[in-house]
>>> print(open('upload_22.txt').read())   # compact mmCIF, C-alpha atoms
# COMPACT_ATOMS: atom_id res chain seq x y z
CA MET L 114 0.00 0.00 0.00
CA ALA L 115 1.44 3.34 -1.01
CA THR L 116 2.34 5.76 1.77
CA ASP L 117 3.86 9.25 1.95
CA ALA L 118 6.49 10.03 4.55
CA LEU L 119 6.97 13.48 6.03
CA PRO L 120 9.84 14.45 8.36
CA THR L 121 8.97 15.60 11.86
CA THR L 122 10.93 17.02 14.79
CA GLY L 123 13.41 14.71 16.47
CA GLY L 124 14.24 12.87 13.25
CA LYS L 125 11.07 10.78 13.40
CA ARG L 126 8.97 10.18 10.32
CA ARG L 127 5.19 10.22 10.17
CA LEU L 128 3.49 8.01 7.62
CA PHE L 129 0.29 9.04 5.87
CA ARG L 130 -1.76 6.59 3.90
CA ALA L 131 -2.38 7.69 0.31
CA GLY L 132 -5.89 9.05 -0.09
CA ALA L 133 -6.43 9.24 3.65
CA GLY L 134 -9.12 11.92 3.29
CA ASP L 135 -11.07 10.27 0.50
CA HIS L 136 -13.73 9.01 2.92
CA ASP L 137 -14.93 12.62 3.28
CA LYS L 138 -15.79 12.86 -0.43
CA ALA L 139 -19.37 12.31 -1.54
CA GLY L 140 -19.93 9.29 -3.74
CA PRO L 141 -22.70 8.40 -6.23
CA VAL L 142 -24.90 6.91 -3.52
CA THR L 143 -24.73 10.14 -1.52
CA TYR L 144 -25.79 12.21 -4.52
CA LEU L 145 -28.58 9.74 -5.29
CA VAL L 146 -29.96 9.93 -1.74
CA LEU L 147 -29.69 13.72 -1.67
CA GLY L 148 -31.38 13.96 -5.07
CA LEU L 149 -34.26 11.76 -3.93
CA ALA L 150 -34.63 13.78 -0.72
CA ALA L 151 -34.74 17.01 -2.75
CA VAL L 152 -37.37 15.60 -5.13
CA VAL L 153 -39.57 14.38 -2.27
CA SER L 154 -39.23 17.73 -0.45
CA LEU L 155 -40.00 19.85 -3.53
CA PHE L 156 -42.80 17.71 -4.96
CA PRO L 157 -45.61 19.26 -2.82
CA LEU L 158 -44.59 22.73 -4.01
CA TYR L 159 -44.41 21.51 -7.61
CA TRP L 160 -47.83 19.86 -7.33
CA THR L 161 -49.27 23.10 -5.93
CA PHE L 162 -47.97 24.92 -9.01
CA VAL L 163 -49.37 22.23 -11.34
CA ALA L 164 -52.80 22.41 -9.69
CA ALA L 165 -52.76 26.22 -9.67
CA SER L 166 -52.10 26.28 -13.40
CA SER L 167 -54.90 23.82 -14.20
CA THR L 168 -58.69 23.89 -14.23
CA GLY L 169 -60.76 22.44 -11.41
CA GLU L 170 -61.92 19.58 -13.63
CA ARG L 171 -58.35 18.70 -14.60
CA VAL L 172 -57.25 18.64 -10.97
CA ALA L 173 -60.15 16.36 -10.01
CA GLN L 174 -59.53 13.82 -12.76
CA SER L 175 -57.86 10.47 -12.08
CA PRO L 176 -54.96 10.10 -12.47
CA PRO L 177 -54.19 13.74 -11.60
CA PRO L 178 -52.07 15.85 -13.96
CA LEU L 179 -48.31 15.96 -13.47
CA PHE L 180 -47.49 18.86 -15.76
CA PRO L 181 -48.56 22.52 -15.64
CA SER L 182 -51.26 23.96 -17.85
CA GLY L 183 -52.05 27.53 -18.91
CA GLU L 184 -54.73 28.56 -16.39
CA LEU L 185 -52.46 30.11 -13.76
CA TRP L 186 -53.28 33.77 -14.39
CA ASN L 187 -57.00 33.07 -14.70
CA ASN L 188 -56.96 31.23 -11.38
CA ILE L 189 -54.97 34.04 -9.73
CA SER L 190 -57.56 36.55 -10.98
CA THR L 191 -60.39 34.37 -9.65
CA ALA L 192 -58.72 33.93 -6.26
CA TRP L 193 -58.04 37.68 -6.08
CA ASP L 194 -61.72 38.41 -6.78
CA GLN L 195 -63.05 35.89 -4.28
CA ALA L 196 -60.92 37.12 -1.36
CA ALA L 197 -59.07 40.27 -0.40
CA MET L 198 -55.69 38.74 -1.23
CA GLY L 199 -53.90 42.08 -1.54
CA THR L 200 -55.06 43.18 1.91
CA ALA L 201 -54.36 39.69 3.26
CA LEU L 202 -50.75 39.68 2.02
CA LEU L 203 -50.13 43.13 3.51
CA ASN L 204 -51.76 42.19 6.83
CA SER L 205 -49.82 38.93 7.09
CA THR L 206 -46.57 40.76 6.37
CA ILE L 207 -47.31 43.30 9.11
CA VAL L 208 -48.43 40.70 11.64
CA ALA L 209 -45.66 38.19 10.98
CA GLY L 210 -43.00 40.92 10.85
CA CYS L 211 -44.08 42.53 14.13
CA VAL L 212 -44.42 39.18 15.91
CA ALA L 213 -41.03 37.98 14.65
CA LEU L 214 -39.22 41.19 15.63
CA SER L 215 -40.79 41.40 19.08
CA THR L 216 -40.27 37.70 19.80
CA VAL L 217 -36.61 37.85 18.77
CA LEU L 218 -36.00 40.99 20.86
CA PHE L 219 -37.78 39.88 24.04
CA SER L 220 -36.57 36.29 23.79
CA THR L 221 -32.96 37.41 23.42
CA LEU L 222 -33.22 39.70 26.45
CA ALA L 223 -34.95 37.05 28.56
CA GLY L 224 -32.61 34.33 27.32
CA PHE L 225 -29.59 36.43 28.29
CA ALA L 226 -31.04 37.04 31.74
CA PHE L 227 -31.73 33.33 32.33
CA ALA L 228 -28.35 32.27 30.90
CA LYS L 229 -25.90 34.77 32.36
CA LEU L 230 -27.49 36.82 35.14
CA THR L 231 -27.85 35.63 38.71
CA PHE L 232 -31.05 36.45 40.56
CA ARG L 233 -33.31 34.80 43.09
CA GLY L 234 -35.77 32.29 41.66
CA ARG L 235 -34.08 32.10 38.25
CA ASN L 236 -34.44 28.34 37.81
CA ALA L 237 -38.00 28.28 39.12
CA LEU L 238 -39.03 31.09 36.81
CA LEU L 239 -37.40 29.39 33.82
CA THR L 240 -39.23 26.18 34.68
CA LEU L 241 -42.50 28.10 34.81
CA VAL L 242 -41.83 29.67 31.40
CA VAL L 243 -41.03 26.31 29.83
CA ALA L 244 -44.08 24.73 31.49
CA THR L 245 -46.36 27.16 29.63
CA MET L 246 -45.39 25.36 26.42
CA THR L 247 -47.39 22.34 27.61
CA VAL L 248 -50.65 24.31 27.81
CA PRO L 249 -52.77 23.94 24.64
CA PRO L 250 -53.39 27.39 23.13
CA GLN L 251 -57.07 26.55 22.64
CA LEU L 252 -57.59 26.76 26.41
CA SER L 253 -56.85 30.49 26.39
CA VAL L 254 -59.11 31.39 23.46
CA ILE L 255 -62.23 32.29 25.48
CA PRO L 256 -60.57 34.57 28.09
CA LEU L 257 -58.34 36.10 25.42
CA TYR L 258 -61.34 36.76 23.18
CA ARG L 259 -63.19 38.44 26.06
CA ILE L 260 -60.18 40.70 26.65
CA ILE L 261 -59.96 41.59 22.94
CA THR L 262 -63.66 42.39 22.68
CA GLY L 263 -63.49 44.38 25.92
CA LEU L 264 -60.76 46.52 24.37
CA ASP L 265 -62.84 46.85 21.16
CA TRP L 266 -60.00 45.37 19.10
CA GLY L 267 -62.14 42.97 17.08
CA ASN L 268 -61.11 42.84 13.40
CA HIS L 269 -57.94 44.85 14.15
CA LEU L 270 -54.41 43.60 13.61
CA GLN L 271 -53.32 44.39 17.16
CA ALA L 272 -55.68 41.63 18.30
CA VAL L 273 -53.41 39.16 16.48
CA ILE L 274 -50.07 40.83 17.19
CA LEU L 275 -50.16 41.61 20.92
CA PRO L 276 -50.95 38.09 22.25
CA SER L 277 -47.89 36.78 20.36
CA LEU L 278 -45.25 39.36 21.24
CA VAL L 279 -43.09 36.75 23.01
CA ALA L 280 -43.00 32.96 23.06
CA ALA L 281 -41.75 30.53 25.68
CA PHE L 282 -40.01 28.52 22.99
CA GLY L 283 -38.06 31.60 21.91
CA VAL L 284 -36.93 32.32 25.47
CA PHE L 285 -35.76 28.74 25.98
CA PHE L 286 -34.10 28.65 22.54
CA MET L 287 -32.09 31.83 23.14
CA ARG L 288 -31.23 30.80 26.69
CA GLN L 289 -29.75 27.53 25.47
CA PHE L 290 -27.77 29.25 22.72
CA LEU L 291 -26.36 32.01 24.91
CA SER L 292 -25.42 29.58 27.65
CA GLU L 293 -22.91 27.99 25.27
CA ALA L 294 -22.00 30.82 22.90
CA LEU L 295 -21.52 33.73 25.33
CA PRO L 296 -18.64 33.29 27.82
CA PHE L 297 -18.81 35.01 31.19
CA GLU L 298 -15.33 36.41 30.56
CA LEU L 299 -16.62 38.50 27.68
CA ILE L 300 -19.30 40.05 29.88
CA GLU L 301 -16.85 40.71 32.70
CA ALA L 302 -14.40 42.33 30.29
CA ALA L 303 -17.14 44.68 29.11
CA ARG L 304 -18.00 45.60 32.70
CA VAL L 305 -14.34 46.27 33.48
CA ASP L 306 -14.28 48.64 30.49
CA GLY L 307 -17.14 50.56 32.07
CA ALA L 308 -20.03 49.29 29.94
CA ASN L 309 -23.46 49.35 31.53
CA SER L 310 -26.09 46.67 30.98
CA LEU L 311 -27.59 48.30 27.88
CA ARG L 312 -24.20 48.65 26.21
CA ILE L 313 -23.35 45.05 27.05
CA ILE L 314 -26.59 43.88 25.47
CA TRP L 315 -26.11 46.02 22.35
CA HIS L 316 -22.38 45.51 21.78
CA VAL L 317 -21.82 42.03 23.24
CA VAL L 318 -25.03 39.99 23.49
CA PHE L 319 -26.66 40.94 20.18
CA PRO L 320 -23.54 40.32 18.02
CA VAL L 321 -22.98 36.92 19.63
CA ALA L 322 -26.66 35.97 19.40
CA ARG L 323 -27.13 37.13 15.79
CA PRO L 324 -27.09 33.61 14.22
CA ALA L 325 -29.66 32.26 16.67
CA MET L 326 -31.75 35.43 16.31
CA ALA L 327 -31.89 34.88 12.53
CA VAL L 328 -33.05 31.29 12.98
CA LEU L 329 -35.62 32.19 15.62
CA GLY L 330 -36.91 35.11 13.55
CA MET L 331 -37.44 32.89 10.51
CA LEU L 332 -39.19 30.18 12.54
CA VAL L 333 -41.51 32.66 14.24
CA PHE L 334 -42.23 34.51 10.97
CA VAL L 335 -43.28 31.28 9.24
CA GLN L 336 -45.35 30.16 12.23
CA SER L 337 -47.12 33.51 12.45
CA TRP L 338 -47.67 33.63 8.69
CA ASN L 339 -49.27 30.18 8.73
CA ASP L 340 -51.37 30.77 11.86
CA PHE L 341 -55.06 30.30 11.13
CA PHE L 342 -57.05 29.57 14.28
CA TRP L 343 -56.70 32.78 16.29
CA PRO L 344 -56.79 35.18 13.28
CA PHE L 345 -59.93 33.37 12.08
CA VAL L 346 -61.54 34.04 15.46
CA VAL L 347 -60.83 37.77 15.71
CA LEU L 348 -60.61 38.90 12.04
CA THR L 349 -63.13 39.01 9.21
CA GLN L 350 -62.90 38.65 5.45
CA GLN L 351 -62.82 42.44 5.16
CA ASN L 352 -59.50 42.63 7.01
CA PRO L 353 -57.98 39.13 6.84
CA THR L 354 -54.56 37.56 6.99
CA VAL L 355 -53.56 35.18 4.21
CA GLN L 356 -54.80 32.05 5.97
CA VAL L 357 -58.15 33.63 6.78
CA ALA L 358 -58.51 34.83 3.19
CA LEU L 359 -57.80 31.32 1.88
CA SER L 360 -60.85 30.03 3.74
CA ALA L 361 -63.04 32.11 1.40
CA ILE L 362 -61.42 30.92 -1.85
CA GLY L 363 -62.88 28.21 -4.08
CA GLY L 364 -66.34 28.65 -2.62
CA GLY L 365 -69.03 26.11 -3.08
CA SER L 366 -70.19 22.89 -1.48
CA GLY L 367 -69.44 19.28 -2.23
CA HIS L 368 -68.16 18.80 -5.77
CA ASP L 369 -68.64 22.51 -6.58
CA ILE L 370 -65.45 23.42 -4.71
CA ASN L 371 -62.76 24.55 -7.16
CA GLN L 372 -59.60 22.88 -5.94
CA ALA L 373 -57.51 24.64 -8.58
CA VAL L 374 -58.43 28.08 -7.23
CA ILE L 375 -57.74 26.94 -3.67
CA MET L 376 -54.30 25.70 -4.68
CA THR L 377 -53.70 28.99 -6.47
CA GLY L 378 -54.40 30.91 -3.27
CA ALA L 379 -52.08 28.58 -1.38
CA LEU L 380 -49.35 29.18 -3.96
CA VAL L 381 -49.76 32.96 -3.75
CA GLY L 382 -49.63 32.76 0.05
CA THR L 383 -46.46 30.66 -0.06
CA LEU L 384 -44.45 32.83 -2.47
CA PRO L 385 -43.49 35.51 0.13
CA LEU L 386 -42.05 32.82 2.41
CA LEU L 387 -40.01 31.40 -0.46
CA LEU L 388 -38.75 34.88 -1.30
CA ILE L 389 -37.67 35.53 2.28
CA PHE L 390 -35.86 32.20 2.47
CA ALA L 391 -34.13 32.88 -0.85
CA LEU L 392 -32.88 36.24 0.45
CA LEU L 393 -31.97 35.14 3.98
CA GLY L 394 -31.30 31.44 3.47
CA LYS L 395 -27.52 31.63 3.87
CA TYR L 396 -27.87 33.50 7.17
CA ILE L 397 -30.45 31.02 8.45
CA VAL L 398 -28.36 27.98 7.49
CA GLY L 399 -25.30 29.66 9.01
CA GLY L 400 -27.24 30.26 12.21
CA ILE L 401 -28.38 26.65 12.39
CA THR L 402 -24.84 25.35 11.97
CA ALA L 403 -23.24 27.97 14.25
CA GLY L 404 -21.69 26.29 17.22
CA ALA L 405 -21.93 22.83 15.70
CA VAL L 406 -18.11 22.66 15.63
CA LYS L 407 -16.38 23.85 18.77
CA SER L 408 -12.72 24.66 19.06
>>> encode(input="upload_22.txt", output="structure tokens")
Amino acid sequence: MATDALPTTGGKRRLFRAGAGDHDKAGPVTYLVLGLAAVVSLFPLYWTFVAASSTGERVAQSPPPLFPSGELWNNISTAWDQAAMGTALLNSTIVAGCVALSTVLFSTLAGFAFAKLTFRGRNALLTLVVATMTVPPQLSVIPLYRIITGLDWGNHLQAVILPSLVAAFGVFFMRQFLSEALPFELIEAARVDGANSLRIIWHVVFPVARPAMAVLGMLVFVQSWNDFFWPFVVLTQQNPTVQVALSAIGGGSGHDINQAVIMTGALVGTLPLLLIFALLGKYIVGGITAGAVKS
């Protein structure tokens, strides 16, 4: 077996096997598995596009079509007429953006406090925050709805935004990240330099937490964008989010429901998420892998 010898200190020689790093290279089987995984992952999106570009009769036939047709713009026009899609897209952008920003901000601050600050009852309070994740959100609908109606916020976006300004999952997520990524020495060095708590948060915590903040922001944005139950309770078709607007598309009963128009609305509602991921994908992937390899 061929080997390469390299001199080392002390006159000793270290032997390296030829092609020692070849096991790290991807082979045909790896590409085949990755290709199949990509096809399976993308097929629902492709099928949505095929259905959105077809007629309702073509979608309902058996076997279903596998290639696009030329009805996409007609279906988009129909979906736009049946529901306030323009208003829905704007409302969902406002709601999801506000919820994502507030959740990232408050979760980072709370996560930093639970991870690096010492105060009485810290562990008990963290346990209480995490325990709220076990409570089904449906249990809070009636009291929350009474509060919203008491404030006369029905059919207003603040009724959807304010109950979701922070999430227990976000607090726990940021706490776990900062516990590993932010050393106490860095905080102490900032205090020695005369930095107060706000400057430490702005100049130390936020830069270190940026990868996790990007991941959390994307997760919360998608979750808020796709939320249907609570917006359906407090909003109407005159001022809907995307998911509420989709409930009014393809109207009819039984076999009169136009599945092609419904899939068109779903496609239109998905495009902003795909655009955001295309623009921020490298930051999100970088945030997910940050800290995976430790020195």
>>> residues_around(input="upload_22.txt", residues="Thr354 (chain L)", least_positions_apart="3", cutoff="10 Å", atoms="only C-alpha atoms", output="count of residues only")
29
>>> closest_residue(input="upload_22.txt", among="L:Ala228, L:Val328, L:Trp343, L:Glu293", to="Leu275 (chain L)", atoms="all atoms listed in the file")
L:Trp343
>>> atom_distance(input="upload_22.txt", atom1="CA of Leu295 (chain L)", atom2="CA of Ala213 (chain L)")
22.6 Å
>>> closest_residue(input="upload_22.txt", among="L:Leu241, L:Ala325, L:Met246, L:Val333", to="Gly210 (chain L)", atoms="all atoms listed in the file")
L:Val333
>>> atom_distance(input="upload_22.txt", atom1="CA of Gln195 (chain L)", atom2="CA of Ile362 (chain L)")
5.8 Å
>>> closest_residue(input="upload_22.txt", among="L:Leu278, L:Leu185, L:Ala165, L:Val146", to="Cys211 (chain L)", atoms="only C-alpha atoms")
L:Leu278
>>> residues_around(input="upload_22.txt", residues="Ile261 (chain L)", least_positions_apart="5", cutoff="9 Å", atoms="all atoms listed in the file", output="PDB file with C-alpha atoms, in the frame of the given file")
ATOM      1  CA  PRO L 256     -60.570  34.570  28.090  1.00  0.00           C
ATOM      2  CA  TRP L 266     -60.000  45.370  19.100  1.00  0.00           C
ATOM      3  CA  GLY L 267     -62.140  42.970  17.080  1.00  0.00           C
ATOM      4  CA  ALA L 272     -55.680  41.630  18.300  1.00  0.00           C
ATOM      5  CA  VAL L 347     -60.830  37.770  15.710  1.00  0.00           C
TER       6      VAL L 347
END
>>> atom_distance(input="upload_22.txt", atom1="CA of Phe334 (chain L)", atom2="CA of Thr216 (chain L)")
9.6 Å
>>> closest_residue(input="upload_22.txt", among="L:Ala373, L:Leu291, L:Leu392, L:Leu386", to="Glu170 (chain L)", atoms="all atoms listed in the file")
L:Ala373
>>> closest_residue(input="upload_22.txt", among="L:Gly140, L:Pro353, L:Gly378, L:Gly307", to="Ser166 (chain L)", atoms="all atoms listed in the file")
L:Gly378
>>> closest_atom_pairs(input="upload_22.txt", of="region 306-408 of chain L", to="region 154-159 of chain L", cutoff="10 Å", atoms="only C-alpha atoms", output="JSON lines")
{"residue": "L:Ala379", "atom": "CA", "partner": "L:Leu158", "partner_atom": "CA", "distance": 9.9}
{"residue": "L:Leu380", "atom": "CA", "partner": "L:Leu158", "partner_atom": "CA", "distance": 8.0}
{"residue": "L:Thr383", "atom": "CA", "partner": "L:Leu158", "partner_atom": "CA", "distance": 9.1}
>>> residues_near_point(input="upload_22.txt", point="(-24.0, 32.6, 25.2)", cutoff="12 Å", atoms="all atoms listed in the file", output="JSON, numbers by chain")
{"L": [221, 222, 224, 225, 226, 227, 228, 229, 230, 286, 287, 288, 289, 290, 291, 292, 293, 294, 295, 296, 297, 298, 299, 300, 314, 317, 318, 319, 320, 321, 322, 323, 324, 325, 403, 404]}
>>> closest_residue(input="upload_22.txt", among="L:Ala164, L:Ala150, L:Phe285, L:His316", to="Asn236 (chain L)", atoms="all atoms listed in the file")
L:Phe285
>>> axis_aligned_box(input="upload_22.txt", around="region 220-238 of chain L", padding_each_side="8 Å", output="AutoDock Vina command-line options")
--center_x -32.5 --center_y 34.0 --center_z 33.3 --size_x 29.1 --size_y 27.4 --size_z 35.7
>>> build_atoms(input="upload_22.txt", residues="region 224-260 of chain L", atoms="N, CA and C atoms", output="mmCIF file, keeping the file's coordinate frame")
data_model
loop_
_atom_site.group_PDB
_atom_site.id
_atom_site.type_symbol
_atom_site.label_atom_id
_atom_site.label_comp_id
_atom_site.auth_asym_id
_atom_site.auth_seq_id
_atom_site.Cartn_x
_atom_site.Cartn_y
_atom_site.Cartn_z
ATOM 1 N N GLY L 224 -33.577 35.422 27.390
ATOM 2 C CA GLY L 224 -32.610 34.330 27.320
ATOM 3 C C GLY L 224 -31.275 34.713 27.920
ATOM 4 N N PHE L 225 -30.839 35.951 27.680
ATOM 5 C CA PHE L 225 -29.590 36.430 28.290
ATOM 6 C C PHE L 225 -29.710 36.483 29.808
ATOM 7 N N ALA L 226 -30.838 36.958 30.292
ATOM 8 C CA ALA L 226 -31.040 37.040 31.740
ATOM 9 C C ALA L 226 -31.010 35.646 32.371
ATOM 10 N N PHE L 227 -31.705 34.686 31.772
ATOM 11 C CA PHE L 227 -31.730 33.330 32.330
ATOM 12 C C PHE L 227 -30.379 32.632 32.190
ATOM 13 N N ALA L 228 -29.602 32.979 31.160
ATOM 14 C CA ALA L 228 -28.350 32.270 30.900
ATOM 15 C C ALA L 228 -27.190 32.825 31.698
ATOM 16 N N LYS L 229 -27.119 34.165 31.849
ATOM 17 C CA LYS L 229 -25.900 34.770 32.360
ATOM 18 C C LYS L 229 -26.076 35.658 33.592
ATOM 19 N N LEU L 230 -27.284 35.986 33.954
ATOM 20 C CA LEU L 230 -27.490 36.820 35.140
ATOM 21 C C LEU L 230 -27.920 35.948 36.316
ATOM 22 N N THR L 231 -27.511 36.365 37.490
ATOM 23 C CA THR L 231 -27.850 35.630 38.710
ATOM 24 C C THR L 231 -28.876 36.423 39.511
ATOM 25 N N PHE L 232 -30.011 35.809 39.742
ATOM 26 C CA PHE L 232 -31.050 36.450 40.560
ATOM 27 C C PHE L 232 -31.875 35.371 41.230
ATOM 28 N N ARG L 233 -32.555 35.746 42.289
ATOM 29 C CA ARG L 233 -33.310 34.800 43.090
ATOM 30 C C ARG L 233 -34.501 34.244 42.297
ATOM 31 N N GLY L 234 -34.651 32.937 42.338
ATOM 32 C CA GLY L 234 -35.770 32.290 41.660
ATOM 33 C C GLY L 234 -35.563 32.104 40.177
ATOM 34 N N ARG L 235 -34.323 32.193 39.693
ATOM 35 C CA ARG L 235 -34.080 32.100 38.250
ATOM 36 C C ARG L 235 -34.521 30.748 37.701
ATOM 37 N N ASN L 236 -34.110 29.665 38.322
ATOM 38 C CA ASN L 236 -34.440 28.340 37.810
ATOM 39 C C ASN L 236 -35.940 28.055 37.901
ATOM 40 N N ALA L 237 -36.561 28.504 38.983
ATOM 41 C CA ALA L 237 -38.000 28.280 39.120
ATOM 42 C C ALA L 237 -38.777 29.061 38.073
ATOM 43 N N LEU L 238 -38.346 30.285 37.806
ATOM 44 C CA LEU L 238 -39.030 31.090 36.810
ATOM 45 C C LEU L 238 -38.837 30.510 35.413
ATOM 46 N N LEU L 239 -37.630 30.020 35.117
ATOM 47 C CA LEU L 239 -37.400 29.390 33.820
ATOM 48 C C LEU L 239 -38.254 28.142 33.669
ATOM 49 N N THR L 240 -38.369 27.365 34.728
ATOM 50 C CA THR L 240 -39.230 26.180 34.680
ATOM 51 C C THR L 240 -40.672 26.555 34.418
ATOM 52 N N LEU L 241 -41.129 27.639 35.033
ATOM 53 C CA LEU L 241 -42.500 28.100 34.810
ATOM 54 C C LEU L 241 -42.709 28.535 33.366
ATOM 55 N N VAL L 242 -41.724 29.233 32.796
ATOM 56 C CA VAL L 242 -41.830 29.670 31.400
ATOM 57 C C VAL L 242 -41.905 28.471 30.464
ATOM 58 N N VAL L 243 -41.025 27.502 30.682
ATOM 59 C CA VAL L 243 -41.030 26.310 29.830
ATOM 60 C C VAL L 243 -42.314 25.511 30.007
ATOM 61 N N ALA L 244 -42.856 25.495 31.228
ATOM 62 C CA ALA L 244 -44.080 24.730 31.490
ATOM 63 C C ALA L 244 -45.268 25.288 30.718
ATOM 64 N N THR L 245 -45.244 26.586 30.392
ATOM 65 C CA THR L 245 -46.360 27.160 29.630
ATOM 66 C C THR L 245 -46.446 26.576 28.227
ATOM 67 N N MET L 246 -45.359 25.976 27.744
ATOM 68 C CA MET L 246 -45.390 25.360 26.420
ATOM 69 C C MET L 246 -46.266 24.119 26.394
ATOM 70 N N THR L 247 -46.557 23.548 27.553
ATOM 71 C CA THR L 247 -47.390 22.340 27.610
ATOM 72 C C THR L 247 -48.883 22.662 27.620
ATOM 73 N N VAL L 248 -49.237 23.927 27.752
ATOM 74 C CA VAL L 248 -50.650 24.310 27.810
ATOM 75 C C VAL L 248 -51.181 24.492 26.389
ATOM 76 N N PRO L 249 -52.210 23.766 25.983
ATOM 77 C CA PRO L 249 -52.770 23.940 24.640
ATOM 78 C C PRO L 249 -53.278 25.365 24.444
ATOM 79 N N PRO L 250 -52.951 26.005 23.337
ATOM 80 C CA PRO L 250 -53.390 27.390 23.130
ATOM 81 C C PRO L 250 -54.898 27.546 23.062
ATOM 82 N N GLN L 251 -55.606 26.456 22.717
ATOM 83 C CA GLN L 251 -57.070 26.550 22.640
ATOM 84 C C GLN L 251 -57.713 26.860 23.992
ATOM 85 N N LEU L 252 -57.015 26.506 25.088
ATOM 86 C CA LEU L 252 -57.590 26.760 26.410
ATOM 87 C C LEU L 252 -57.680 28.242 26.725
ATOM 88 N N SER L 253 -56.853 29.062 26.084
ATOM 89 C CA SER L 253 -56.850 30.490 26.390
ATOM 90 C C SER L 253 -57.703 31.307 25.422
ATOM 91 N N VAL L 254 -58.379 30.649 24.493
ATOM 92 C CA VAL L 254 -59.110 31.390 23.460
ATOM 93 C C VAL L 254 -60.257 32.206 24.067
ATOM 94 N N ILE L 255 -61.057 31.590 24.941
ATOM 95 C CA ILE L 255 -62.230 32.290 25.480
ATOM 96 C C ILE L 255 -61.830 33.499 26.331
ATOM 97 N N PRO L 256 -60.955 33.357 27.325
ATOM 98 C CA PRO L 256 -60.570 34.570 28.090
ATOM 99 C C PRO L 256 -59.858 35.602 27.227
ATOM 100 N N LEU L 257 -59.031 35.151 26.291
ATOM 101 C CA LEU L 257 -58.340 36.100 25.420
ATOM 102 C C LEU L 257 -59.329 36.836 24.519
ATOM 103 N N TYR L 258 -60.328 36.120 24.024
ATOM 104 C CA TYR L 258 -61.340 36.760 23.180
ATOM 105 C C TYR L 258 -62.159 37.781 23.973
ATOM 106 N N ARG L 259 -62.458 37.487 25.224
ATOM 107 C CA ARG L 259 -63.190 38.440 26.060
ATOM 108 C C ARG L 259 -62.355 39.701 26.302
ATOM 109 N N ILE L 260 -61.056 39.524 26.474
ATOM 110 C CA ILE L 260 -60.180 40.700 26.650
ATOM 111 C C ILE L 260 -60.156 41.538 25.379
#
